[in-house]
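Chemist: My questions will all concern the structure given below.
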Amino acid sequence: MKLSRITILALAVTIAAGAASAREQIRIVGSSTVFPFSTAVAEQFGKTTDFATPVVESTGSGGGIKLFCAGVGTAHPDIANSSRRMKAKEFAMCQDNGVTEIVESLIGYDGIVIANANSGPTFALTLEQIVIALAANGPMPSTWDQVDPSLPAIAIEVLGPPPSSGTRDAFEELVMHKGCKLTDLVECEGVSIREDGVFVEAGENDNLIVSKLEANPNALGIFGFSFLDQNSDVIKGTSIDGVEPTFENIVGGEYEIARSLYFYIKVAHIGVIPGIAEYAAEFSSEAAAGEEGYLTDKGLIPLFEDELAQNTDRVKGLKLMTGDEWN
């Protein structure tokens, strides 16, 4: 039996509709730093609406954006969290794979902290000392007192995120690239982090880094401020250039290792996967991300009032990224 063109089109629409209804939960991937904030919003969203609680996965910023940009359809994530802005080459990858309509939401701010167990020595470091300790194209000392005699005479061991992490990207930009300009011991061109075991890639799970610091009080860990804030009973932050990593110092701009946090919305999935626009609106709301919002209790550094208003308008109005964001 031959099928008419109209019948074939009708069947195609029916099949597509069936596939679209195959997933009722929003799927969110990306940054381990944004993960606790996104999870808190997902739980609140699930409790206060008729939509299913979104599924949030901690894959790292780079890994999450790669999954997000892989294509359109229910097999692909709806939202990507990121602890740094999407890169121009990632935006181009999205476009090439048919993910052409993307909304960027600025969540708030975060400090990158260096911390160790409360039972360990108290560190006070400078950007210069960190770079001397961790640069692959530097003196590569084995103990902290070899970096500076004022520092403890213990082995250098720093647990940190892998290259797929937005925290790693930000650390390299804000610490390694900036700090190398302060010393003649490290060549800035091609500066990179050591791979001889002094710097230990501890994966995308920042809670795992915290537990490893408890087990080894002499080790230092690198992660977002929220993990220090939520685990202050077991770990303590290291001052950088004389400034403590506190909420007030990050908000005030005195703590210099700080970055912006984002999430990205796949507009093509709105109306296909239930609740995407509503979830995004909740995440961007005064109640969640404002100065008195529930995410500040999780360690989020909130946007300024005018920034929050602009971001809320951008998300509610579904204002698309144009590709000019990097100009």
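Residues in the structure tokens are numbered from 1 in each chain, the chains being A, B, ... in the order shown, and ligands are numbered from 1 in the order shown.
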Within 12 Å of A:Asn327, counting only C-alpha atoms, which residues show up once you throw out same-chain ones fewer than 2 positions away? Write them as a list in words, please.

Modeler: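 Listing them by chain and then by number gives Lys87, Ala88, Thr322, Gly323, Asp324 and Glu325 of chain A.
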
Chemist: Which neighbours of stretch 302-314 of chain A fall inside 9 Å, counting only C-alpha atoms, when residues of the same chain fewer than 5 positions from it are skipped, and could you give them as a PyMOL selection string?

Modeler: chain A and resi 103-110+251+281+284-286+289-293+295-296+319-320

Chemist: Quick one: which stretch 245-267 of chain A residues come within 10 Å of stretch 34-47 of chain A, and what is the nearest atom pair for each with the distance in Å to one decimal, counting only C-alpha atoms, rows ordered by chain and ascending number, as a tab-separated table?

Modeler:
```
residue	atom	partner	partner_atom	distance
A:Leu261	CA	A:Val34	CA	7.1
A:Tyr262	CA	A:Val34	CA	8.0
A:Phe263	CA	A:Val34	CA	8.5
```

Chemist: Env of A:Ile132: 9 Å cut, atoms = only C-alpha atoms, seq-sep filter 2 positions within chain, self excluded. Answer as a list in words.

Modeler: Leu127, Glu128, Gln129, Ile130, Leu134, Ala135, Ala136, Gly138, Pro139, Met140, Pro141, Val147, Gly179, Cys180, Thr183, Leu185 and Val186 of chain A

Chemist: May I ask for the distance between atom CA of A:Arg84 and atom CA of A:Ala170, given in Å to one decimal place?

Modeler: 7.0 Å

Chemist: Could you pull out the strand (DSSP E or B) residues of stretch 257-320 of chain A, going by DSSP on the backbone, and write them as a PyMOL selection string?

Modeler: chain A and resi 258-266+270+273+301

Chemist: Residues within 7 Å of A:Ile222, please, as a PyMOL selection string. Count only C-alpha atoms; anything in the same chain fewer than 3 positions from it doesn't count.

Modeler: chain A and resi 112-115+159-160

Chemist: Take the residues that were just selected and, keeping C-alpha atoms, output them as a PDB file, in the first residue's frame.

Modeler:
```pdb
ATOM      1  CA  ILE A 112      38.178  30.528  43.464  1.00  0.00           C
ATOM      2  CA  VAL A 113      39.682  29.550  46.796  1.00  0.00           C
ATOM      3  CA  ILE A 114      42.688  27.595  47.966  1.00  0.00           C
ATOM      4  CA  ALA A 115      42.015  25.753  51.206  1.00  0.00           C
ATOM      5  CA  LEU A 159      44.396  18.962  44.560  1.00  0.00           C
ATOM      6  CA  GLY A 160      42.513  20.643  41.762  1.00  0.00           C
TER       7      GLY A 160
END
```

Chemist: Within 8 Å of stretch 231-245 of chain A, counting only C-alpha atoms, which residues qualify if same-chain residues fewer than 4 places away don't, as a list in words?

Modeler: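 Skipping anything fewer than 4 positions along the chain leaves Gly111, Val113, Ile114, Ala115, Asn116, Ala117, Asn118, Thr122, Phe123, Ala124, Leu125, Thr126, Leu127, Val210, Leu213, Glu214, Phe225, Phe227, Asn249, Ile250, Glu254 and Tyr255 of chain A.
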
Chemist: Can you tell me which residues surround A:Pro54 at a distance of at most 7 Å, considering only C-alpha atoms, apart from same-chain residues fewer than 2 positions away, and format the answer as a PyMOL selection string?

Modeler: chain A and resi 25-27+42+52+56

Chemist: Atoms to include: N, CA and C atoms. Write the selected residues as an mmCIF file, in the first residue's frame.

Modeler:
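The resulting file, selection_39.cif, is shown below:
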```
data_model
loop_
_atom_site.group_PDB
_atom_site.id
_atom_site.type_symbol
_atom_site.label_atom_id
_atom_site.label_comp_id
_atom_site.auth_asym_id
_atom_site.auth_seq_id
_atom_site.Cartn_x
_atom_site.Cartn_y
_atom_site.Cartn_z
ATOM 1 N N GLN A 25 11.414 15.111 32.449
ATOM 2 C CA GLN A 25 12.316 15.851 33.339
ATOM 3 C C GLN A 25 13.318 16.667 32.543
ATOM 4 N N ILE A 26 13.549 17.888 32.994
ATOM 5 C CA ILE A 26 14.601 18.714 32.422
ATOM 6 C C ILE A 26 15.945 18.064 32.742
ATOM 7 N N ARG A 27 16.823 18.015 31.754
ATOM 8 C CA ARG A 27 18.164 17.465 31.972
ATOM 9 C C ARG A 27 19.183 18.606 31.929
ATOM 10 N N ALA A 42 16.536 23.244 41.416
ATOM 11 C CA ALA A 42 15.763 22.099 40.923
ATOM 12 C C ALA A 42 14.857 21.528 42.009
ATOM 13 N N ALA A 52 8.088 18.051 36.968
ATOM 14 C CA ALA A 52 8.997 17.080 37.578
ATOM 15 C C ALA A 52 10.287 17.779 38.001
ATOM 16 N N VAL A 56 20.066 16.998 37.543
ATOM 17 C CA VAL A 56 21.277 17.813 37.405
ATOM 18 C C VAL A 56 22.495 16.902 37.501
#
```

Chemist: Just want the 8 Å neighbourhood of A:Gly60, counted on only C-alpha atoms, with same-chain residues fewer than 5 positions away dropped. Output as a VMD selection string.

Modeler: chain A and resid 29 to 32 82 164 to 166 204
